[in-house]
Amino acid sequence: MNTRALPDATGHFDKFGGKFVPEALYAALAQLEAAFESAIHDPAFAAELGKLHTEYVGRPSPVTEAPRFAQHAGNARVLLKREDLNHTGSHKINNVLGQALLTKRMGKTRLIAETGAGQHGVATATAAALFGMECVVYMGKVDTDRQALNVARMQLLGAEVVAVESGSKTLKDAMNEALRDWVATVDNTHYLIGSVGGPHPFPMIVREFQRVISTEARAQLLEREGRLPDVVAACVGGGSNAMGIFADFIGDPDVQLYGFEAGGEGLETGRHAATISEGKLGVLHGMRTFVLQDSDGQTKESHSISAGLDYPGVGPEHAWLADTGRAKYEPITDAEAMEALRLLTRTEGIMPAIESAHALAGVLRLGRQLAETQPDLEPLMLVSLSGRGDKDVETAIRWFGLDGSADKTTGGTE
């Protein structure tokens, strides 16, 4: 399978993808596609981005084995691709720097972005500071409340953070507002989409800027293990980190690809964001993909304890990978994710983002299943640890019932 063959010239992954936008944005999307096609064939662009990766982001990100965590995953060995160690704390910086360089090539001076967990917003504000650009970040009011630390980080970096009060006040609504801003300001503004969603060419561009994750991981696994992993796993909201870790393995049929999406409080409750498991074909934010819909075809509100996965759609390439069977997608509940977060923290001293904890819970479940059905198998599982958990401490405090007080007291009588 040629991993770069899609999308086609019209931006489609078979029946998924496309470009469903107001006429006012067609010229901007065409300009962006032309700038990207020119840049990826320009050695100077590759050199500038590569230098930023090395000297600013800290790439290549390492691969860390998690043996004590893996004791809970049947017979599996678990390796973590450490995107949490990147500058700004997640994989988001990979795509943001690439698109910021494209913005410079297009002669635009203003960046806008939407964000759920805040990691993409922080990365965009960081790039804006680095390149001296104006920056506005749209964020659902619910997410500004549960990610206050990241709101403050963006403001310190010089970005204006706009809390969106409409709809469910989460990522979907932030994206709606960012699109409205872009229609009105397209002459000097680039909309820096953070996931492999939205109208063509964004899914392709974000995939290519995140491909560095799997390109590095593939080489690292071959060097240290002498072979490719049996399983590559990642969490999936819009799907940027998953597409980044999948990209260079799609053409390897012996490598199983697993995406773990937000099962929220359980599929049976209706309070989830399991778009591939429960969605139907529809159009959302400029793309045709699987969308959570009600009986009238209207987009349903989604739910996840993870702000970064709380989205009722998914990138069109993931929809295509699911439709063709090349990748498998399964839901993980809030409870499963939080238990995996606690387990990795306690066994390895690594506190993952709640988004990443969905992937960790997924490999725990998969490893146990394989141990039951194929007891002689010792699968090698590679997990994209897409972000670190600092931003989620407040959520963890509430979930685990911590109060932040000391365990004991001593002294005080002298």
# chains A, B, ... in the order shown; residues from 1 in each chain; ligands from 1

$ residues_around --residues "Asp187 in chain A" --least-positions-apart "3" --cutoff "9 Å" --atoms "only C-alpha atoms" --output "NGL selection string"
:A and (28 or 108 or 182 or 184 or 190)

$ write_last_selection --atoms "N, CA, C and O atoms" --output "compact mmCIF listing (two decimals), in the first residue's frame"
# COMPACT_ATOMS: atom_id res chain seq x y z
N ALA A 28 -8.04 30.71 -0.49
CA ALA A 28 -7.06 30.51 0.59
C ALA A 28 -6.60 29.06 0.65
O ALA A 28 -5.40 28.79 0.87
N LYS A 108 1.67 35.88 5.25
CA LYS A 108 0.63 36.22 6.22
C LYS A 108 1.28 36.44 7.59
O LYS A 108 2.35 35.91 7.88
N TRP A 182 -11.74 33.06 10.16
CA TRP A 182 -10.91 32.92 8.95
C TRP A 182 -11.62 33.47 7.72
O TRP A 182 -11.00 34.11 6.87
N ALA A 184 -13.53 35.95 7.57
CA ALA A 184 -13.51 37.42 7.61
C ALA A 184 -12.11 38.01 7.48
O ALA A 184 -11.96 39.18 7.16
N HIS A 190 -3.73 32.95 8.66
CA HIS A 190 -3.72 31.52 8.38
C HIS A 190 -4.40 30.79 9.53
O HIS A 190 -4.05 31.01 10.69

$ closest_atom_pairs --of "range 105-220 of chain A" --to "range 235-245 of chain A" --cutoff "12 Å" --atoms "only C-alpha atoms" --output "JSON lines"
{"residue": "A:Thr115", "atom": "CA", "partner": "A:Gly238", "partner_atom": "CA", "distance": 11.2}
{"residue": "A:Gly116", "atom": "CA", "partner": "A:Gly237", "partner_atom": "CA", "distance": 10.2}
{"residue": "A:Ala117", "atom": "CA", "partner": "A:Gly237", "partner_atom": "CA", "distance": 11.0}
{"residue": "A:His120", "atom": "CA", "partner": "A:Ser240", "partner_atom": "CA", "distance": 10.7}
{"residue": "A:Leu171", "atom": "CA", "partner": "A:Gly238", "partner_atom": "CA", "distance": 10.1}
{"residue": "A:Lys172", "atom": "CA", "partner": "A:Gly238", "partner_atom": "CA", "distance": 10.4}
{"residue": "A:Met175", "atom": "CA", "partner": "A:Gly238", "partner_atom": "CA", "distance": 11.7}
{"residue": "A:Ile193", "atom": "CA", "partner": "A:Ser240", "partner_atom": "CA", "distance": 10.2}
{"residue": "A:Gly194", "atom": "CA", "partner": "A:Ser240", "partner_atom": "CA", "distance": 7.3}
{"residue": "A:Ser195", "atom": "CA", "partner": "A:Ser240", "partner_atom": "CA", "distance": 4.7}
{"residue": "A:Val196", "atom": "CA", "partner": "A:Ser240", "partner_atom": "CA", "distance": 5.1}
{"residue": "A:Gly197", "atom": "CA", "partner": "A:Gly238", "partner_atom": "CA", "distance": 6.2}
{"residue": "A:Gly198", "atom": "CA", "partner": "A:Gly238", "partner_atom": "CA", "distance": 9.5}
{"residue": "A:Phe202", "atom": "CA", "partner": "A:Ser240", "partner_atom": "CA", "distance": 10.9}
{"residue": "A:Pro203", "atom": "CA", "partner": "A:Ser240", "partner_atom": "CA", "distance": 8.6}
{"residue": "A:Met204", "atom": "CA", "partner": "A:Met243", "partner_atom": "CA", "distance": 10.1}
{"residue": "A:Ile205", "atom": "CA", "partner": "A:Ser240", "partner_atom": "CA", "distance": 10.5}
{"residue": "A:Val206", "atom": "CA", "partner": "A:Ser240", "partner_atom": "CA", "distance": 6.9}
{"residue": "A:Arg207", "atom": "CA", "partner": "A:Gly244", "partner_atom": "CA", "distance": 6.0}
{"residue": "A:Glu208", "atom": "CA", "partner": "A:Gly244", "partner_atom": "CA", "distance": 7.7}
{"residue": "A:Phe209", "atom": "CA", "partner": "A:Gly244", "partner_atom": "CA", "distance": 7.9}
{"residue": "A:Gln210", "atom": "CA", "partner": "A:Gly244", "partner_atom": "CA", "distance": 4.4}
{"residue": "A:Arg211", "atom": "CA", "partner": "A:Gly244", "partner_atom": "CA", "distance": 4.5}
{"residue": "A:Val212", "atom": "CA", "partner": "A:Gly244", "partner_atom": "CA", "distance": 6.9}
{"residue": "A:Ile213", "atom": "CA", "partner": "A:Ile245", "partner_atom": "CA", "distance": 5.4}
{"residue": "A:Ser214", "atom": "CA", "partner": "A:Ile245", "partner_atom": "CA", "distance": 4.4}
{"residue": "A:Thr215", "atom": "CA", "partner": "A:Ile245", "partner_atom": "CA", "distance": 8.1}
{"residue": "A:Glu216", "atom": "CA", "partner": "A:Ile245", "partner_atom": "CA", "distance": 9.2}
{"residue": "A:Ala217", "atom": "CA", "partner": "A:Ile245", "partner_atom": "CA", "distance": 7.7}
{"residue": "A:Arg218", "atom": "CA", "partner": "A:Ile245", "partner_atom": "CA", "distance": 9.1}

$ write_last_selection --atoms "N, CA and C atoms" --output "PDB file, in the first residue's frame"
ATOM      1  N   THR A 115      -8.446  24.898  19.965  1.00  0.00           N
ATOM      2  CA  THR A 115      -7.809  23.887  20.797  1.00  0.00           C
ATOM      3  C   THR A 115      -8.808  23.328  21.795  1.00  0.00           C
ATOM      4  N   GLY A 116      -8.606  22.054  22.153  1.00  0.00           N
ATOM      5  CA  GLY A 116      -9.451  21.423  23.158  1.00  0.00           C
ATOM      6  C   GLY A 116      -8.693  21.316  24.465  1.00  0.00           C
ATOM      7  N   ALA A 117      -7.689  20.428  24.486  1.00  0.00           N
ATOM      8  CA  ALA A 117      -6.886  20.247  25.693  1.00  0.00           C
ATOM      9  C   ALA A 117      -5.919  21.393  25.921  1.00  0.00           C
ATOM     10  N   HIS A 120      -2.469  22.083  21.484  1.00  0.00           N
ATOM     11  CA  HIS A 120      -2.307  22.706  20.172  1.00  0.00           C
ATOM     12  C   HIS A 120      -2.289  24.222  20.301  1.00  0.00           C
ATOM     13  N   LEU A 171     -14.517  21.575  21.824  1.00  0.00           N
ATOM     14  CA  LEU A 171     -13.669  21.713  20.646  1.00  0.00           C
ATOM     15  C   LEU A 171     -14.454  21.974  19.356  1.00  0.00           C
ATOM     16  N   LYS A 172     -15.576  21.279  19.180  1.00  0.00           N
ATOM     17  CA  LYS A 172     -16.392  21.460  17.973  1.00  0.00           C
ATOM     18  C   LYS A 172     -16.788  22.920  17.812  1.00  0.00           C
ATOM     19  N   MET A 175     -13.910  25.230  16.906  1.00  0.00           N
ATOM     20  CA  MET A 175     -13.567  25.126  15.478  1.00  0.00           C
ATOM     21  C   MET A 175     -14.541  25.939  14.627  1.00  0.00           C
ATOM     22  N   ILE A 193      -4.878  24.626  11.575  1.00  0.00           N
ATOM     23  CA  ILE A 193      -5.623  23.482  12.087  1.00  0.00           C
ATOM     24  C   ILE A 193      -4.656  22.476  12.685  1.00  0.00           C
ATOM     25  N   GLY A 194      -5.024  21.931  13.850  1.00  0.00           N
ATOM     26  CA  GLY A 194      -4.102  21.089  14.590  1.00  0.00           C
ATOM     27  C   GLY A 194      -4.288  19.605  14.397  1.00  0.00           C
ATOM     28  N   SER A 195      -5.374  19.187  13.755  1.00  0.00           N
ATOM     29  CA  SER A 195      -5.584  17.759  13.593  1.00  0.00           C
ATOM     30  C   SER A 195      -5.695  17.413  12.116  1.00  0.00           C
ATOM     31  N   VAL A 196      -5.825  16.115  11.837  1.00  0.00           N
ATOM     32  CA  VAL A 196      -5.897  15.674  10.447  1.00  0.00           C
ATOM     33  C   VAL A 196      -7.341  15.767   9.957  1.00  0.00           C
ATOM     34  N   GLY A 197      -7.994  16.867  10.307  1.00  0.00           N
ATOM     35  CA  GLY A 197      -9.372  17.095   9.915  1.00  0.00           C
ATOM     36  C   GLY A 197      -9.500  18.400   9.161  1.00  0.00           C
ATOM     37  N   GLY A 198     -10.774  18.766   8.900  1.00  0.00           N
ATOM     38  CA  GLY A 198     -11.026  19.988   8.148  1.00  0.00           C
ATOM     39  C   GLY A 198     -10.971  19.740   6.654  1.00  0.00           C
ATOM     40  N   PHE A 202      -5.838  20.342   4.499  1.00  0.00           N
ATOM     41  CA  PHE A 202      -5.367  20.210   5.879  1.00  0.00           C
ATOM     42  C   PHE A 202      -5.079  18.765   6.311  1.00  0.00           C
ATOM     43  N   PRO A 203      -5.972  17.780   6.055  1.00  0.00           N
ATOM     44  CA  PRO A 203      -5.647  16.417   6.515  1.00  0.00           C
ATOM     45  C   PRO A 203      -4.315  15.907   5.964  1.00  0.00           C
ATOM     46  N   MET A 204      -4.039  16.229   4.706  1.00  0.00           N
ATOM     47  CA  MET A 204      -2.772  15.801   4.091  1.00  0.00           C
ATOM     48  C   MET A 204      -1.586  16.540   4.698  1.00  0.00           C
ATOM     49  N   ILE A 205      -1.723  17.851   4.879  1.00  0.00           N
ATOM     50  CA  ILE A 205      -0.612  18.653   5.403  1.00  0.00           C
ATOM     51  C   ILE A 205      -0.259  18.235   6.825  1.00  0.00           C
ATOM     52  N   VAL A 206      -1.269  18.088   7.676  1.00  0.00           N
ATOM     53  CA  VAL A 206      -0.998  17.717   9.070  1.00  0.00           C
ATOM     54  C   VAL A 206      -0.379  16.323   9.130  1.00  0.00           C
ATOM     55  N   ARG A 207      -0.894  15.394   8.324  1.00  0.00           N
ATOM     56  CA  ARG A 207      -0.291  14.053   8.288  1.00  0.00           C
ATOM     57  C   ARG A 207       1.197  14.120   7.939  1.00  0.00           C
ATOM     58  N   GLU A 208       1.513  14.899   6.921  1.00  0.00           N
ATOM     59  CA  GLU A 208       2.913  14.951   6.485  1.00  0.00           C
ATOM     60  C   GLU A 208       3.810  15.617   7.523  1.00  0.00           C
ATOM     61  N   PHE A 209       3.302  16.625   8.243  1.00  0.00           N
ATOM     62  CA  PHE A 209       4.125  17.247   9.279  1.00  0.00           C
ATOM     63  C   PHE A 209       4.223  16.374  10.537  1.00  0.00           C
ATOM     64  N   GLN A 210       3.258  15.468  10.728  1.00  0.00           N
ATOM     65  CA  GLN A 210       3.340  14.549  11.867  1.00  0.00           C
ATOM     66  C   GLN A 210       4.009  13.233  11.501  1.00  0.00           C
ATOM     67  N   ARG A 211       4.250  12.992  10.222  1.00  0.00           N
ATOM     68  CA  ARG A 211       4.874  11.746   9.782  1.00  0.00           C
ATOM     69  C   ARG A 211       6.219  11.520  10.459  1.00  0.00           C
ATOM     70  N   VAL A 212       6.875  12.593  10.888  1.00  0.00           N
ATOM     71  CA  VAL A 212       8.182  12.474  11.532  1.00  0.00           C
ATOM     72  C   VAL A 212       8.136  11.499  12.708  1.00  0.00           C
ATOM     73  N   ILE A 213       6.981  11.348  13.365  1.00  0.00           N
ATOM     74  CA  ILE A 213       6.877  10.435  14.517  1.00  0.00           C
ATOM     75  C   ILE A 213       7.142   8.992  14.077  1.00  0.00           C
ATOM     76  N   SER A 214       6.445   8.559  13.024  1.00  0.00           N
ATOM     77  CA  SER A 214       6.616   7.166  12.597  1.00  0.00           C
ATOM     78  C   SER A 214       7.906   6.958  11.829  1.00  0.00           C
ATOM     79  N   THR A 215       8.382   7.978  11.128  1.00  0.00           N
ATOM     80  CA  THR A 215       9.661   7.839  10.426  1.00  0.00           C
ATOM     81  C   THR A 215      10.776   7.570  11.442  1.00  0.00           C
ATOM     82  N   GLU A 216      10.778   8.355  12.506  1.00  0.00           N
ATOM     83  CA  GLU A 216      11.770   8.135  13.566  1.00  0.00           C
ATOM     84  C   GLU A 216      11.559   6.772  14.237  1.00  0.00           C
ATOM     85  N   ALA A 217      10.310   6.478  14.619  1.00  0.00           N
ATOM     86  CA  ALA A 217      10.030   5.260  15.381  1.00  0.00           C
ATOM     87  C   ALA A 217      10.396   4.017  14.587  1.00  0.00           C
ATOM     88  N   ARG A 218      10.111   4.025  13.292  1.00  0.00           N
ATOM     89  CA  ARG A 218      10.421   2.864  12.446  1.00  0.00           C
ATOM     90  C   ARG A 218      11.930   2.602  12.459  1.00  0.00           C
TER      91      ARG A 218
END

$ residues_around --residues "Ala39 in chain A" --least-positions-apart "4" --cutoff "10 Å" --atoms "only C-alpha atoms" --output "PyMOL selection string"
chain A and resi 33-35+43-46+98+101-102+105

$ select_by_dssp --residues "range 74-213 of chain A" --states "strand (DSSP E or B)" --output "number ranges by chain"
A: 77-82, 90, 110-115, 134-140, 160-164, 189-191

$ atom_distance --atom1 "CA of Val383 in chain A" --atom2 "CA of Arg224 in chain A"
15.8 Å

$ closest_residue --among "A:Ala174, A:Leu179, A:Ala125, A:Ala219" --to "Gly158 in chain A" --atoms "only C-alpha atoms"
A:Ala125

$ residues_around --residues "Arg227 in chain A" --least-positions-apart "4" --cutoff "12 Å" --atoms "only C-alpha atoms" --output "VMD selection string"
chain A and resid 217 to 223 231 252 254 to 255 379 to 381

$ residues_around --residues "Glu83 in chain A" --least-positions-apart "6" --cutoff "6 Å" --atoms "only C-alpha atoms" --output "ChimeraX atom specification"
/A:90-91,385-386

$ write_last_selection --atoms "N, CA and C atoms" --output "PDB file, in the first residue's frame"
ATOM      1  N   SER A  90       4.026  18.074  23.837  1.00  0.00           N
ATOM      2  CA  SER A  90       3.192  17.146  23.077  1.00  0.00           C
ATOM      3  C   SER A  90       3.665  17.092  21.629  1.00  0.00           C
ATOM      4  N   HIS A  91       3.014  16.198  20.860  1.00  0.00           N
ATOM      5  CA  HIS A  91       3.329  16.066  19.428  1.00  0.00           C
ATOM      6  C   HIS A  91       2.890  17.283  18.626  1.00  0.00           C
ATOM      7  N   LEU A 385       3.068   8.094  22.978  1.00  0.00           N
ATOM      8  CA  LEU A 385       2.750   8.866  24.183  1.00  0.00           C
ATOM      9  C   LEU A 385       2.698  10.327  23.744  1.00  0.00           C
ATOM     10  N   SER A 386       1.507  10.756  23.359  1.00  0.00           N
ATOM     11  CA  SER A 386       1.359  11.997  22.602  1.00  0.00           C
ATOM     12  C   SER A 386       1.559  13.252  23.427  1.00  0.00           C
TER      13      SER A 386
END

$ residues_around --residues "range 13-22 of chain A" --least-positions-apart "6" --cutoff "10 Å" --atoms "only C-alpha atoms" --output "VMD selection string"
chain A and resid 5 to 7 29 179 183 197 to 204 281 to 290 315 to 321 323 to 324

$ write_last_selection --atoms "N, CA, C and O atoms" --output "CSV table (one decimal), in the first residue's frame"
chain,number,residue,atom,x,y,z
A,5,ALA,N,-0.2,7.8,-1.5
A,5,ALA,CA,-1.1,7.8,-2.7
A,5,ALA,C,-2.3,8.6,-2.5
A,5,ALA,O,-2.9,9.2,-3.4
A,6,LEU,N,-2.8,8.7,-1.3
A,6,LEU,CA,-4.0,9.5,-1.0
A,6,LEU,C,-3.7,10.7,-0.1
A,6,LEU,O,-2.7,10.6,0.7
A,7,PRO,N,-4.5,11.7,-0.1
A,7,PRO,CA,-5.7,11.9,-0.9
A,7,PRO,C,-5.5,12.0,-2.4
A,7,PRO,O,-4.4,12.3,-2.8
A,29,LEU,N,-7.5,28.1,0.5
A,29,LEU,CA,-7.1,26.7,0.5
A,29,LEU,C,-6.2,26.4,-0.7
A,29,LEU,O,-5.3,25.6,-0.6
A,179,LEU,N,-13.4,29.0,12.2
A,179,LEU,CA,-13.7,29.1,10.7
A,179,LEU,C,-14.4,30.4,10.4
A,179,LEU,O,-14.1,31.0,9.3
A,183,VAL,N,-12.9,33.2,7.6
A,183,VAL,CA,-13.7,33.8,6.5
A,183,VAL,C,-13.5,35.3,6.4
A,183,VAL,O,-13.4,35.9,5.3
A,197,GLY,N,-8.0,16.9,10.3
A,197,GLY,CA,-9.4,17.1,9.9
A,197,GLY,C,-9.5,18.4,9.2
A,197,GLY,O,-8.5,19.1,8.8
A,198,GLY,N,-10.8,18.8,8.9
A,198,GLY,CA,-11.0,20.0,8.1
A,198,GLY,C,-11.0,19.7,6.7
A,198,GLY,O,-10.8,18.6,6.2
A,199,PRO,N,-11.1,20.8,5.9
A,199,PRO,CA,-11.2,20.6,4.4
A,199,PRO,C,-9.8,20.4,3.8
A,199,PRO,O,-8.8,20.7,4.4
A,200,HIS,N,-9.7,19.7,2.7
A,200,HIS,CA,-8.5,19.5,2.0
A,200,HIS,C,-7.9,20.9,1.7
A,200,HIS,O,-8.6,21.8,1.3
A,201,PRO,N,-6.6,21.1,1.9
A,201,PRO,CA,-5.5,20.1,2.0
A,201,PRO,C,-5.1,19.9,3.5
A,201,PRO,O,-4.0,19.2,3.7
A,202,PHE,N,-5.8,20.3,4.5
A,202,PHE,CA,-5.4,20.2,5.9
A,202,PHE,C,-5.1,18.8,6.3
A,202,PHE,O,-4.0,18.5,6.9
A,203,PRO,N,-6.0,17.8,6.1
A,203,PRO,CA,-5.6,16.4,6.5
A,203,PRO,C,-4.3,15.9,6.0
A,203,PRO,O,-3.5,15.2,6.7
A,204,MET,N,-4.0,16.2,4.7
A,204,MET,CA,-2.8,15.8,4.1
A,204,MET,C,-1.6,16.5,4.7
A,204,MET,O,-0.5,15.9,5.0
A,281,LEU,N,-21.7,8.4,8.2
A,281,LEU,CA,-21.1,9.3,7.2
A,281,LEU,C,-21.9,10.6,7.2
A,281,LEU,O,-23.1,10.6,7.1
A,282,GLY,N,-21.1,11.7,7.3
A,282,GLY,CA,-21.7,13.0,7.2
A,282,GLY,C,-20.6,14.1,6.9
A,282,GLY,O,-19.5,13.7,6.7
A,283,VAL,N,-21.0,15.3,7.0
A,283,VAL,CA,-20.1,16.4,6.7
A,283,VAL,C,-20.0,17.3,7.9
A,283,VAL,O,-21.0,17.7,8.5
A,284,LEU,N,-18.7,17.5,8.3
A,284,LEU,CA,-18.5,18.4,9.5
A,284,LEU,C,-17.2,19.1,9.3
A,284,LEU,O,-16.2,18.5,8.9
A,285,HIS,N,-17.2,20.4,9.6
A,285,HIS,CA,-16.0,21.3,9.5
A,285,HIS,C,-15.3,21.1,8.2
A,285,HIS,O,-14.0,20.9,8.1
A,286,GLY,N,-16.0,21.0,7.1
A,286,GLY,CA,-15.4,21.1,5.7
A,286,GLY,C,-15.0,19.7,5.2
A,286,GLY,O,-14.4,19.7,4.1
A,287,MET,N,-15.3,18.6,5.9
A,287,MET,CA,-14.9,17.3,5.4
A,287,MET,C,-16.0,16.3,5.5
A,287,MET,O,-16.9,16.4,6.4
A,288,ARG,N,-16.0,15.3,4.6
A,288,ARG,CA,-16.9,14.2,4.8
A,288,ARG,C,-16.2,13.0,5.5
A,288,ARG,O,-15.2,12.6,5.1
A,289,THR,N,-16.8,12.6,6.6
A,289,THR,CA,-16.2,11.6,7.5
A,289,THR,C,-17.3,11.0,8.4
A,289,THR,O,-18.5,11.3,8.2
A,290,PHE,N,-16.8,10.2,9.3
A,290,PHE,CA,-17.8,9.7,10.3
A,290,PHE,C,-18.1,10.7,11.3
A,290,PHE,O,-17.1,11.3,11.9
A,315,GLY,N,-10.7,12.6,11.6
A,315,GLY,CA,-10.0,12.9,10.3
A,315,GLY,C,-10.4,11.9,9.2
A,315,GLY,O,-10.6,10.7,9.5
A,316,PRO,N,-10.6,12.3,8.0
A,316,PRO,CA,-11.1,11.4,6.9
A,316,PRO,C,-10.2,10.3,6.6
A,316,PRO,O,-10.7,9.2,6.2
A,317,GLU,N,-8.9,10.4,6.8
A,317,GLU,CA,-8.0,9.3,6.5
A,317,GLU,C,-8.2,8.1,7.5
A,317,GLU,O,-8.1,7.0,7.2
A,318,HIS,N,-8.5,8.5,8.8
A,318,HIS,CA,-8.9,7.5,9.8
A,318,HIS,C,-10.2,6.8,9.4
A,318,HIS,O,-10.3,5.5,9.5
A,319,ALA,N,-11.1,7.5,8.9
A,319,ALA,CA,-12.4,6.9,8.4
A,319,ALA,C,-12.1,5.9,7.3
A,319,ALA,O,-12.7,4.8,7.3
A,320,TRP,N,-11.2,6.3,6.4
A,320,TRP,CA,-10.9,5.4,5.3
A,320,TRP,C,-10.1,4.2,5.8
A,320,TRP,O,-10.4,3.0,5.4
A,321,LEU,N,-9.2,4.3,6.7
A,321,LEU,CA,-8.4,3.2,7.3
A,321,LEU,C,-9.4,2.2,8.0
A,321,LEU,O,-9.2,1.0,7.9
A,323,ASP,N,-12.7,2.0,7.3
A,323,ASP,CA,-13.6,1.4,6.3
A,323,ASP,C,-12.9,0.3,5.5
A,323,ASP,O,-13.6,-0.7,5.2
A,324,THR,N,-11.6,0.4,5.3
A,324,THR,CA,-10.9,-0.6,4.5
A,324,THR,C,-10.4,-1.7,5.4
A,324,THR,O,-9.9,-2.8,4.9
